[in-house]
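query36.pdb follows (PDB, C-alpha atoms and all ligand atoms):
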ATOM      1  CA  MET A   1     122.069 109.186 103.762
ATOM      2  CA  SER A   2     120.967 105.617 103.944
ATOM      3  CA  VAL A   3     119.836 103.906 107.137
ATOM      4  CA  ALA A   4     121.039 100.462 108.193
ATOM      5  CA  VAL A   5     118.794  97.438 107.954
ATOM      6  CA  ASP A   6     117.149  96.768 111.318
ATOM      7  CA  PRO A   7     117.501  93.021 112.015
ATOM      8  CA  ASP A   8     114.527  92.972 114.402
ATOM      9  CA  LEU A   9     112.168  94.582 111.892
ATOM     10  CA  LEU A  10     113.471  92.475 109.030
ATOM     11  CA  GLY A  11     113.167  89.360 111.213
ATOM     12  CA  SER A  12     109.524  90.200 111.985
ATOM     13  CA  MET A  13     108.759  90.569 108.289
ATOM     14  CA  GLU A  14     110.481  87.318 107.419
ATOM     15  CA  VAL A  15     109.136  85.196 110.277
ATOM     16  CA  ASP A  16     105.762  86.783 111.088
ATOM     17  CA  GLY A  17     104.943  88.414 107.754
ATOM     18  CA  PHE A  18     104.376  91.875 109.267
ATOM     19  CA  CYS A  19     105.951  94.491 111.512
ATOM     20  CA  LEU A  20     104.908  97.602 113.419
ATOM     21  CA  ILE A  21     107.039 100.745 113.153
ATOM     22  CA  LYS A  22     106.127 103.117 115.958
ATOM     23  CA  GLY A  23     105.978 106.858 115.197
ATOM     24  CA  ALA A  24     107.085 106.348 111.603
ATOM     25  CA  VAL A  25     105.272 109.338 110.102
ATOM     26  CA  PRO A  26     105.424 112.836 111.655
ATOM     27  CA  PRO A  27     102.270 114.550 113.016
ATOM     28  CA  GLU A  28     102.311 117.299 110.363
ATOM     29  CA  LEU A  29     102.018 114.721 107.559
ATOM     30  CA  ILE A  30      99.382 112.765 109.476
ATOM     31  CA  ALA A  31      97.302 115.961 109.822
ATOM     32  CA  ARG A  32      97.479 116.499 106.045
ATOM     33  CA  LEU A  33      96.538 112.868 105.408
ATOM     34  CA  ARG A  34      93.497 113.331 107.665
ATOM     35  CA  GLY A  35      92.496 116.255 105.434
ATOM     36  CA  LEU A  36      92.892 114.050 102.354
ATOM     37  CA  ALA A  37      90.812 111.272 103.926
ATOM     38  CA  GLU A  38      88.049 113.715 104.865
ATOM     39  CA  ARG A  39      87.891 115.162 101.335
ATOM     40  CA  LYS A  40      87.793 111.687  99.784
ATOM     41  CA  LEU A  41      85.122 110.436 102.171
ATOM     42  CA  ARG A  42      82.938 113.504 101.575
ATOM     43  CA  SER A  43      83.042 113.026  97.808
ATOM     44  CA  GLU A  44      82.163 109.302  97.802
ATOM     45  CA  ARG A  45      78.659 108.023  97.054
ATOM     46  CA  GLU A  46      76.528 105.848  99.326
ATOM     47  CA  ALA A  47      76.785 102.906  96.890
ATOM     48  CA  HIS A  48      80.529 102.753  97.545
ATOM     49  CA  PHE A  49      80.071 102.402 101.291
ATOM     50  CA  GLN A  50      77.480  99.676 100.730
ATOM     51  CA  ARG A  51      79.733  97.731  98.341
ATOM     52  CA  TYR A  52      82.677  97.917 100.764
ATOM     53  CA  ALA A  53      80.639  97.498 103.943
ATOM     54  CA  HIS A  54      83.318  95.478 105.734
ATOM     55  CA  HIS A  55      86.238  97.691 104.777
ATOM     56  CA  GLY A  56      84.096 100.736 105.500
ATOM     57  CA  SER A  57      85.527 102.344 102.389
ATOM     58  CA  LEU A  58      88.169 101.519  99.809
ATOM     59  CA  ILE A  59      88.695 104.818  97.999
ATOM     60  CA  PRO A  60      91.608 104.928  95.537
ATOM     61  CA  ILE A  61      94.395 107.454  96.010
ATOM     62  CA  HIS A  62      96.213 109.024  93.057
ATOM     63  CA  LEU A  63      99.369 111.133  92.757
ATOM     64  CA  GLU A  64      97.267 114.312  92.499
ATOM     65  CA  ASP A  65      95.857 113.732  95.986
ATOM     66  CA  ASP A  66      97.845 116.053  98.244
ATOM     67  CA  PRO A  67      99.897 115.103 100.286
ATOM     68  CA  HIS A  68     100.393 111.726  98.609
ATOM     69  CA  THR A  69     103.576 112.595  96.671
ATOM     70  CA  ASP A  70     105.024 114.224  99.808
ATOM     71  CA  LEU A  71     104.358 110.991 101.691
ATOM     72  CA  LEU A  72     105.918 108.853  98.952
ATOM     73  CA  THR A  73     109.081 110.968  98.941
ATOM     74  CA  SER A  74     109.187 111.524 102.709
ATOM     75  CA  PRO A  75     112.263 110.676 104.794
ATOM     76  CA  ALA A  76     109.774 108.824 107.042
ATOM     77  CA  LEU A  77     108.844 106.278 104.411
ATOM     78  CA  ARG A  78     112.387 106.070 103.002
ATOM     79  CA  ASN A  79     113.723 105.408 106.475
ATOM     80  CA  ALA A  80     111.146 102.660 107.184
ATOM     81  CA  PHE A  81     111.851 100.928 103.881
ATOM     82  CA  GLN A  82     115.620 101.094 104.344
ATOM     83  CA  ARG A  83     115.308  99.593 107.829
ATOM     84  CA  LEU A  84     113.405  96.724 106.229
ATOM     85  CA  GLY A  85     116.012  96.237 103.502
ATOM     86  CA  PHE A  86     113.634  97.031 100.642
ATOM     87  CA  THR A  87     116.005  97.265  97.670
ATOM     88  CA  ASP A  88     113.778  99.070  95.147
ATOM     89  CA  PRO A  89     110.394 100.028  96.632
ATOM     90  CA  ARG A  90     107.830 101.200  94.077
ATOM     91  CA  TRP A  91     104.310 102.377  94.819
ATOM     92  CA  ILE A  92     101.505 100.408  93.149
ATOM     93  CA  SER A  93      98.209 101.610  94.623
ATOM     94  CA  GLY A  94      96.617 103.233  97.652
ATOM     95  CA  TYR A  95      93.283 103.586  99.408
ATOM     96  CA  VAL A  96      91.508 105.525 102.117
ATOM     97  CA  ILE A  97      89.930 102.955 104.404
ATOM     98  CA  THR A  98      87.524 104.183 107.014
ATOM     99  CA  LYS A  99      85.439 102.193 109.467
ATOM    100  CA  PRO A 100      82.376 104.163 110.538
ATOM    101  CA  PRO A 101      81.163 103.930 114.157
ATOM    102  CA  GLY A 102      79.386 100.620 114.706
ATOM    103  CA  SER A 103      80.683  99.062 111.467
ATOM    104  CA  PRO A 104      81.510  95.349 111.191
ATOM    105  CA  GLY A 105      84.959  93.781 111.120
ATOM    106  CA  LEU A 106      86.721  93.007 107.862
ATOM    107  CA  TRP A 107      86.841  89.303 106.891
ATOM    108  CA  TRP A 108      89.930  87.109 107.128
ATOM    109  CA  HIS A 109      91.867  87.176 103.881
ATOM    110  CA  GLN A 110      95.263  87.575 102.257
ATOM    111  CA  ASP A 111      95.918  89.939  99.375
ATOM    112  CA  TRP A 112      98.222  88.001  97.056
ATOM    113  CA  TRP A 113      96.740  87.503  93.600
ATOM    114  CA  ALA A 114      99.098  85.218  91.612
ATOM    115  CA  TRP A 115      99.170  81.984  93.618
ATOM    116  CA  ASP A 116      99.869  79.869  90.498
ATOM    117  CA  HIS A 117     103.238  81.587  90.061
ATOM    118  CA  GLU A 118     106.405  80.285  91.730
ATOM    119  CA  LEU A 119     107.074  83.811  92.983
ATOM    120  CA  SER A 120     104.334  83.111  95.564
ATOM    121  CA  PHE A 121     106.691  80.828  97.468
ATOM    122  CA  GLU A 122     109.748  83.073  97.634
ATOM    123  CA  PRO A 123     110.837  84.160 101.125
ATOM    124  CA  ARG A 124     110.806  87.844 100.169
ATOM    125  CA  PRO A 125     107.411  89.454  99.535
ATOM    126  CA  ALA A 126     106.616  90.522  95.980
ATOM    127  CA  GLN A 127     104.122  93.021  97.387
ATOM    128  CA  VAL A 128     103.544  94.625 100.776
ATOM    129  CA  PHE A 129     100.786  96.694 102.352
ATOM    130  CA  CYS A 130     101.581  99.740 104.486
ATOM    131  CA  MET A 131      98.747 100.670 106.830
ATOM    132  CA  LEU A 132      99.105 104.163 108.184
ATOM    133  CA  TYR A 133      96.621 104.822 110.972
ATOM    134  CA  LEU A 134      95.313 108.360 111.392
ATOM    135  CA  GLN A 135      94.116 108.000 115.015
ATOM    136  CA  PRO A 136      94.809 105.615 117.887
ATOM    137  CA  THR A 137      93.563 102.240 116.681
ATOM    138  CA  VAL A 138      92.783  99.546 119.227
ATOM    139  CA  ARG A 139      90.656  96.415 119.419
ATOM    140  CA  GLU A 140      87.570  98.478 120.354
ATOM    141  CA  ASN A 141      87.621 100.665 117.214
ATOM    142  CA  GLY A 142      88.723  98.167 114.569
ATOM    143  CA  ALA A 143      92.415  97.277 114.913
ATOM    144  CA  LEU A 144      94.111  94.849 112.557
ATOM    145  CA  ARG A 145      94.120  91.120 113.364
ATOM    146  CA  VAL A 146      96.883  88.938 111.885
ATOM    147  CA  ILE A 147      98.056  85.338 111.891
ATOM    148  CA  ALA A 148     101.826  85.440 112.249
ATOM    149  CA  GLY A 149     103.699  83.190 109.823
ATOM    150  CA  SER A 150     100.680  82.562 107.574
ATOM    151  CA  HIS A 151     102.445  84.301 104.657
ATOM    152  CA  ARG A 152     104.675  81.224 104.245
ATOM    153  CA  ASN A 153     102.915  78.448 106.145
ATOM    154  CA  ARG A 154      99.669  76.709 105.453
ATOM    155  CA  HIS A 155      96.931  77.560 107.963
ATOM    156  CA  PRO A 156      93.487  75.887 108.339
ATOM    157  CA  LEU A 157      91.888  79.168 107.239
ATOM    158  CA  HIS A 158      93.532  78.769 103.816
ATOM    159  CA  ASP A 159      91.183  75.838 103.200
ATOM    160  CA  ALA A 160      88.093  77.424 104.665
ATOM    161  CA  LEU A 161      87.891  81.011 103.442
ATOM    162  CA  PRO A 162      85.954  82.256 100.439
ATOM    163  CA  GLU A 163      87.677  84.227  97.698
ATOM    164  CA  PRO A 164      88.770  87.627  99.076
ATOM    165  CA  HIS A 165      87.463  90.911  97.699
ATOM    166  CA  THR A 166      84.290  89.352  96.245
ATOM    167  CA  GLN A 167      80.610  89.834  96.920
ATOM    168  CA  HIS A 168      80.619  86.238  98.185
ATOM    169  CA  ILE A 169      82.906  87.022 101.126
ATOM    170  CA  GLU A 170      81.264  90.405 101.620
ATOM    171  CA  ASN A 171      77.990  88.522 102.266
ATOM    172  CA  GLN A 172      79.475  86.317 105.015
ATOM    173  CA  PRO A 173      77.899  87.048 108.427
ATOM    174  CA  GLN A 174      80.095  87.906 111.415
ATOM    175  CA  ASN A 175      79.433  84.506 113.008
ATOM    176  CA  THR A 176      81.100  82.562 110.180
ATOM    177  CA  VAL A 177      84.670  81.374 109.659
ATOM    178  CA  SER A 178      85.367  84.531 107.640
ATOM    179  CA  HIS A 179      85.166  86.603 110.832
ATOM    180  CA  LEU A 180      85.320  84.370 113.890
ATOM    181  CA  PRO A 181      88.359  84.509 116.209
ATOM    182  CA  VAL A 182      91.101  81.936 115.657
ATOM    183  CA  PRO A 183      93.330  80.760 118.517
ATOM    184  CA  ASP A 184      96.608  82.037 117.056
ATOM    185  CA  GLU A 185      95.474  85.500 115.976
ATOM    186  CA  LEU A 186      97.171  88.673 117.177
ATOM    187  CA  THR A 187      95.742  92.186 117.394
ATOM    188  CA  ILE A 188      98.009  95.026 116.290
ATOM    189  CA  GLU A 189      97.171  98.213 118.155
ATOM    190  CA  ALA A 190      98.670 101.366 116.674
ATOM    191  CA  ASP A 191      98.872 105.101 117.375
ATOM    192  CA  ALA A 192      98.444 107.848 114.805
ATOM    193  CA  GLY A 193     101.606 107.869 112.704
ATOM    194  CA  ASP A 194     102.495 104.240 113.344
ATOM    195  CA  LEU A 195     103.059 102.144 110.261
ATOM    196  CA  VAL A 196     102.064  98.507 109.959
ATOM    197  CA  ILE A 197     103.877  96.902 107.050
ATOM    198  CA  GLY A 198     102.777  93.453 105.984
ATOM    199  CA  ASP A 199     103.549  90.844 103.359
ATOM    200  CA  VAL A 200     100.316  90.694 101.329
ATOM    201  CA  ARG A 201     100.358  86.885 101.725
ATOM    202  CA  VAL A 202      99.765  87.106 105.489
ATOM    203  CA  LEU A 203      96.239  86.266 106.688
ATOM    204  CA  HIS A 204      94.633  89.311 108.255
ATOM    205  CA  ALA A 205      91.247  90.766 109.249
ATOM    206  CA  THR A 206      90.020  93.595 111.487
ATOM    207  CA  HIS A 207      87.919  93.893 114.603
ATOM    208  CA  PRO A 208      84.559  95.687 114.274
ATOM    209  CA  ASN A 209      84.453  99.357 115.197
ATOM    210  CA  HIS A 210      82.437  99.408 118.438
ATOM    211  CA  SER A 211      83.380 103.022 119.199
ATOM    212  CA  ASP A 212      81.379 106.143 118.372
ATOM    213  CA  ALA A 213      84.052 107.656 116.084
ATOM    214  CA  PRO A 214      85.304 106.635 112.640
ATOM    215  CA  ARG A 215      88.568 104.685 112.414
ATOM    216  CA  THR A 216      90.514 105.816 109.357
ATOM    217  CA  ALA A 217      93.730 104.642 107.725
ATOM    218  CA  VAL A 218      95.653 105.108 104.505
ATOM    219  CA  ASP A 219      96.676 101.802 102.951
ATOM    220  CA  LEU A 220      99.500 101.930 100.395
ATOM    221  CA  LEU A 221     100.703  98.936  98.391
ATOM    222  CA  PHE A 222     104.301  98.631  97.216
ATOM    223  CA  ALA A 223     106.559  96.210  95.378
ATOM    224  CA  PRO A 224     109.562  96.341  97.754
ATOM    225  CA  HIS A 225     112.088  94.721  95.399
ATOM    226  CA  PHE A 226     110.645  95.878  92.091
ATOM    227  CA  ARG A 227     113.769  95.543  89.947
ATOM    228  CA  ASP A 228     114.136  91.859  90.934
ATOM    229  CA  LEU A 229     110.604  90.893  89.911
ATOM    230  CA  PRO A 230     110.060  88.737  86.825
ATOM    231  CA  GLU A 231     109.304  90.829  83.733
ATOM    232  CA  GLU A 232     105.638  89.814  83.626
ATOM    233  CA  PHE A 233     105.104  91.243  87.117
ATOM    234  CA  ARG A 234     106.887  94.487  86.320
ATOM    235  CA  ALA A 235     104.770  94.752  83.154
ATOM    236  CA  HIS A 236     101.657  94.125  85.282
ATOM    237  CA  TYR A 237     102.451  96.627  88.021
ATOM    238  CA  VAL A 238     103.055  99.614  85.731
ATOM    239  CA  ARG A 239      99.450  99.281  84.517
ATOM    240  CA  GLN A 240      97.766  99.604  87.919
ATOM    241  CA  PHE A 241      94.844 101.993  87.936
ATOM    242  CA  CYS A 242      96.010 104.279  90.760
ATOM    243  CA  LEU A 243      99.200 105.063  88.800
ATOM    244  CA  PRO A 244      99.675 107.569  85.986
ATOM    245  CA  GLU A 245      99.071 105.996  82.577
ATOM    246  CA  ALA A 246     101.850 103.559  81.660
ATOM    247  CA  GLY A 247     104.473 104.957  79.302
ATOM    248  CA  TRP A 248     104.802 108.389  80.947
ATOM    249  CA  TRP A 249     108.497 107.686  81.560
ATOM    250  CA  GLY A 250     109.135 107.626  77.800
ATOM    251  CA  GLU A 251     107.239 110.831  76.955
ATOM    252  CA  PRO A 252     109.571 113.799  76.403
ATOM    253  CA  GLY A 253     108.635 116.672  78.704
ATOM    254  CA  HIS A 254     106.298 114.609  80.866
ATOM    255  CA  PRO A 255     106.119 116.418  84.240
ATOM    256  CA  LEU A 256     106.878 113.250  86.173
ATOM    257  CA  ARG A 257     110.153 112.609  84.373
ATOM    258  CA  GLY A 258     113.026 113.521  86.674
ATOM    259  CA  SER A 259     110.648 114.536  89.474
ATOM    260  CA  PRO A 260     111.448 113.376  93.022
ATOM    261  CA  VAL A 261     108.427 111.054  93.109
ATOM    262  CA  SER A 262     109.422 109.312  89.871
ATOM    263  CA  ALA A 263     111.926 107.195  91.811
ATOM    264  CA  MET A 264     108.997 105.672  93.711
ATOM    265  CA  LEU A 265     106.960 104.781  90.615
ATOM    266  CA  PRO A 266     107.301 101.524  88.685
ATOM    267  CA  THR A 267     108.490 101.746  85.071
ATOM    268  CA  TYR A 268     108.963  99.008  82.496
ATOM    269  CA  ASP A 269     110.514  98.997  79.023
ATOM    270  CA  GLY A 270     110.771  95.271  78.353
ATOM    271  CA  PRO A 271     108.761  93.147  75.952
ATOM    272  CA  ASP A 272     104.992  92.724  76.217
ATOM    273  CA  HIS A 273     103.759  89.815  78.293
ATOM    274  CA  PRO A 274     100.415  88.097  78.504
ATOM    275  CA  PRO A 275      98.740  88.942  81.833
ATOM    276  CA  VAL A 276      99.973  86.978  84.841
ATOM    277  CA  THR A 277      97.353  84.350  85.724
ATOM    278  CA  TYR A 278      95.087  85.832  88.362
ATOM    279  CA  ARG A 279      94.628  83.414  91.269
ATOM    280  CA  ARG A 280      93.468  84.765  94.616
ATOM    281  CA  LEU A 281      93.423  81.446  96.482
ATOM    282  CA  PRO A 282      96.565  79.422  97.205
ATOM    283  CA  ALA A 283      97.137  75.984  95.655
ATOM    284  CA  GLY A 284      94.438  73.416  96.281
ATOM    285  CA  ARG A 285      91.756  76.099  96.197
ATOM    286  CA  ARG A 286      89.989  77.331  93.116
ATOM    287  CA  THR A 287      88.354  80.618  92.239
ATOM    288  CA  ARG A 288      84.570  80.541  92.687
ATOM    289  CA  GLU A 289      83.934  83.905  91.112
ATOM    290  CA  VAL A 290      85.913  85.948  88.660
ATOM    291  CA  PRO A 291      86.579  89.037  90.732
ATOM    292  CA  ARG A 292      89.025  91.093  88.640
ATOM    293  CA  GLU A 293      88.314  94.208  90.640
ATOM    294  CA  GLY A 294      90.242  96.395  93.026
ATOM    295  CA  ARG A 295      93.573  95.940  94.794
TER     296      ARG A 295
HETATM  297  O1  LIG A 301      91.353  98.430 107.561
HETATM  298  C1  LIG A 301      92.288  97.715 107.926
HETATM  299  O2  LIG A 301      92.857  97.902 109.015
HETATM  300  C2  LIG A 301      92.778  96.575 107.078
HETATM  301  C3  LIG A 301      92.405  96.664 105.637
HETATM  302  C4  LIG A 301      92.807  95.445 104.885
HETATM  303  O3  LIG A 301      93.166  94.459 105.453
HETATM  304  C5  LIG A 301      92.767  95.392 103.438
HETATM  305  O4  LIG A 301      92.303  96.361 102.832
HETATM  306  O5  LIG A 301      93.197  94.362 102.868
END
If you convert what's in this file into structure tokens, what do you get?
Amino acid sequence: MSVAVDPDLLGSMEVDGFCLIKGAVPPELIARLRGLAERKLRSEREAHFQRYAHHGSLIPIHLEDDPHTDLLTSPALRNAFQRLGFTDPRWISGYVITKPPGSPGLWWHQDWWAWDHELSFEPRPAQVFCMLYLQPTVRENGALRVIAGSHRNRHPLHDALPEPHTQHIENQPQNTVSHLPVPDELTIEADAGDLVIGDVRVLHATHPNHSDAPRTAVDLLFAPHFRDLPEEFRAHYVRQFCLPEAGWWGEPGHPLRGSPVSAMLPTYDGPDHPPVTYRRLPAGRRTREVPREGR
């Protein structure tokens, strides 16, 4: 049964570029996600934590990682997406993000990657992040900071920030523009099981973790209106590295074909397209490094 669009939630996404859905995911699924996060964190090498010092970690999630398919097909996620009016949500990638005790805040950034394309200026997001917190998350232990409306409106930070997800921004000290407070920022505090869904164009950062316990979240990225995307974007998304190898949907007998999770995975049968131009900074800014990694 489908759930009606919630005008308040949809309004928050449209106007602010993010929304908070309280108690979206049930405790049993959160407990299993904690288990997944612990396994992933245990198996990661020290070099990873050094490279992603400000995230804490950015460990990819794949379909094999229990309970990821159960989360993707859960009534909880379906319900949240229907309330937001997502017409054809497809999963693109996912990460375990932890912030160890005493770790720094994450730099201000936005996560859109195709700023030369006209799609960047559409009201509806081409891509959203879903942050699922696995413990109470407040300012003290590294909650999310956001600038409401910055997904569609120019903000002074757009002209000041280094390229996101590069070593250049990773090297910025905490007393620089990449981290400092801005007057219009908001902090989103969340409980375990709350879902923060954001347009990837919105400017966001995190507070440092000043507590003595890790702060862990699962971050999933989706194309909420996949079937309406231009062909070149659909062709791009099916090739993302967290997903099963592109083409599975055309292989007779492939275990994913007809499976419940298949409805949440992007597929594409159209013509080949040259890659969409990769541009991490909005118009007027130019790439300083070529960072074709991650996200
Ligand atoms: O860890 C968080 O709360 C935010 C992570 C984030 O903003 C990102 O990975 O882009």
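The residues caught by the PyMOL selection byres (((chain A and resi 41) around 10) and not hetatm) in this file are Gly35, Leu36, Ala37, Glu38, Arg39, Lys40, Arg42, Ser43, Glu44, Arg45, Phe49, Ser57, Leu58, Ile59, Val96, Ile97 and Thr98 of chain A.
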Okay, now the selection with C-alpha atoms, as an mmCIF file, in the frame of the given file?
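Final output, result_0.cif:
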data_model
loop_
_atom_site.group_PDB
_atom_site.id
_atom_site.type_symbol
_atom_site.label_atom_id
_atom_site.label_comp_id
_atom_site.auth_asym_id
_atom_site.auth_seq_id
_atom_site.Cartn_x
_atom_site.Cartn_y
_atom_site.Cartn_z
ATOM 1 C CA GLY A 35 92.496 116.255 105.434
ATOM 2 C CA LEU A 36 92.892 114.050 102.354
ATOM 3 C CA ALA A 37 90.812 111.272 103.926
ATOM 4 C CA GLU A 38 88.049 113.715 104.865
ATOM 5 C CA ARG A 39 87.891 115.162 101.335
ATOM 6 C CA LYS A 40 87.793 111.687 99.784
ATOM 7 C CA ARG A 42 82.938 113.504 101.575
ATOM 8 C CA SER A 43 83.042 113.026 97.808
ATOM 9 C CA GLU A 44 82.163 109.302 97.802
ATOM 10 C CA ARG A 45 78.659 108.023 97.054
ATOM 11 C CA PHE A 49 80.071 102.402 101.291
ATOM 12 C CA SER A 57 85.527 102.344 102.389
ATOM 13 C CA LEU A 58 88.169 101.519 99.809
ATOM 14 C CA ILE A 59 88.695 104.818 97.999
ATOM 15 C CA VAL A 96 91.508 105.525 102.117
ATOM 16 C CA ILE A 97 89.930 102.955 104.404
ATOM 17 C CA THR A 98 87.524 104.183 107.014
#
Find the residues with any atom within 6 Å of (107.1, 100.8, 77.2); use all atoms listed in the file and the coordinates as given in the file, and write the answer as a PDB file with C-alpha atoms, in the coordinates of the input.
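File out00.pdb, as written:
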ATOM      1  CA  GLY A 247     104.473 104.957  79.302  1.00  0.00           C
ATOM      2  CA  TYR A 268     108.963  99.008  82.496  1.00  0.00           C
ATOM      3  CA  ASP A 269     110.514  98.997  79.023  1.00  0.00           C
TER       4      ASP A 269
END
### Query
Exactly which residues make up the result of the PyMOL selection byres (((not hetatm)) within 9 of (chain A and resi 301)) on this file, given as a PyMOL selection string?
chain A and resi 54-58+95-99+105-111+129+131-133+137+142-145+164-165+200+203-207+215-219+295
Got time to write the residues from that selection, C-alpha atoms, as an mmCIF file, in the coordinates of the input?
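Contents of the output file part_1.cif:
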data_model
loop_
_atom_site.group_PDB
_atom_site.id
_atom_site.type_symbol
_atom_site.label_atom_id
_atom_site.label_comp_id
_atom_site.auth_asym_id
_atom_site.auth_seq_id
_atom_site.Cartn_x
_atom_site.Cartn_y
_atom_site.Cartn_z
ATOM 1 C CA HIS A 54 83.318 95.478 105.734
ATOM 2 C CA HIS A 55 86.238 97.691 104.777
ATOM 3 C CA GLY A 56 84.096 100.736 105.500
ATOM 4 C CA SER A 57 85.527 102.344 102.389
ATOM 5 C CA LEU A 58 88.169 101.519 99.809
ATOM 6 C CA TYR A 95 93.283 103.586 99.408
ATOM 7 C CA VAL A 96 91.508 105.525 102.117
ATOM 8 C CA ILE A 97 89.930 102.955 104.404
ATOM 9 C CA THR A 98 87.524 104.183 107.014
ATOM 10 C CA LYS A 99 85.439 102.193 109.467
ATOM 11 C CA GLY A 105 84.959 93.781 111.120
ATOM 12 C CA LEU A 106 86.721 93.007 107.862
ATOM 13 C CA TRP A 107 86.841 89.303 106.891
ATOM 14 C CA TRP A 108 89.930 87.109 107.128
ATOM 15 C CA HIS A 109 91.867 87.176 103.881
ATOM 16 C CA GLN A 110 95.263 87.575 102.257
ATOM 17 C CA ASP A 111 95.918 89.939 99.375
ATOM 18 C CA PHE A 129 100.786 96.694 102.352
ATOM 19 C CA MET A 131 98.747 100.670 106.830
ATOM 20 C CA LEU A 132 99.105 104.163 108.184
ATOM 21 C CA TYR A 133 96.621 104.822 110.972
ATOM 22 C CA THR A 137 93.563 102.240 116.681
ATOM 23 C CA GLY A 142 88.723 98.167 114.569
ATOM 24 C CA ALA A 143 92.415 97.277 114.913
ATOM 25 C CA LEU A 144 94.111 94.849 112.557
ATOM 26 C CA ARG A 145 94.120 91.120 113.364
ATOM 27 C CA PRO A 164 88.770 87.627 99.076
ATOM 28 C CA HIS A 165 87.463 90.911 97.699
ATOM 29 C CA VAL A 200 100.316 90.694 101.329
ATOM 30 C CA LEU A 203 96.239 86.266 106.688
ATOM 31 C CA HIS A 204 94.633 89.311 108.255
ATOM 32 C CA ALA A 205 91.247 90.766 109.249
ATOM 33 C CA THR A 206 90.020 93.595 111.487
ATOM 34 C CA HIS A 207 87.919 93.893 114.603
ATOM 35 C CA ARG A 215 88.568 104.685 112.414
ATOM 36 C CA THR A 216 90.514 105.816 109.357
ATOM 37 C CA ALA A 217 93.730 104.642 107.725
ATOM 38 C CA VAL A 218 95.653 105.108 104.505
ATOM 39 C CA ASP A 219 96.676 101.802 102.951
ATOM 40 C CA ARG A 295 93.573 95.940 94.794
#
### Task
Rank A:Pro101, A:Gly11, A:Pro60, A:Pro224 by their smallest atom-to-atom distance to A:Gln82, using only C-alpha atoms, and report the top residue only.
A:Pro224
### Task
Would you translate the PyMOL selection byres (((chain A and resi 245) around 12) and not hetatm) into the concrete set of residues it matches in this file, as a list in words?
His62, Leu63, Tyr237, Val238, Arg239, Gln240, Phe241, Cys242, Leu243, Pro244, Ala246, Gly247, Trp248, Trp249, Gly250, Glu251, His254, Leu256, Leu265, Pro266 and Thr267 of chain A
What are the centre and edge lengths in Å, to one decimal, of the axis-aligned box around all listed atoms of stretch 123-135 of chain A with 4 Å added on each side, as JSON?
{"center_x": 102.5, "center_y": 96.3, "center_z": 105.5, "size_x": 24.7, "size_y": 32.2, "size_z": 27.0}
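Checking A:Ser103, A:Pro282, A:Phe233, A:Asp116 one by one against A:Tyr52, counting only C-alpha atoms, you find the shortest gap at A:Ser103.
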### Query
Quick one: of A:Pro125, A:Pro136, A:Pro183, A:Gly85, who's nearest to A:Arg152, counting only C-alpha atoms?
A:Pro125
### Query
Can you tell me, as a ChimeraX atom specification, what residues are no more than 10 Å from A:Pro275 when counting only C-alpha atoms, ignoring any on the same chain fewer than 4 positions away?
/A:232-233,235-236
### Query
Between A:Asn175, A:Asn153, A:Gln135, A:Ser211, which one has atoms that come closest to A:Ala31, using all atoms listed in the file?
A:Gln135
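Compared by their closest atoms to A:Leu29, and using only C-alpha atoms, the residues A:His68, A:His48, A:Arg279, A:His210 rank with A:His68 nearest.
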### Query
Counting all atoms listed in the file, which of A:Glu46, A:Glu122, A:Asp6, A:Asp159 gets nearest to A:Asn79?
A:Asp6
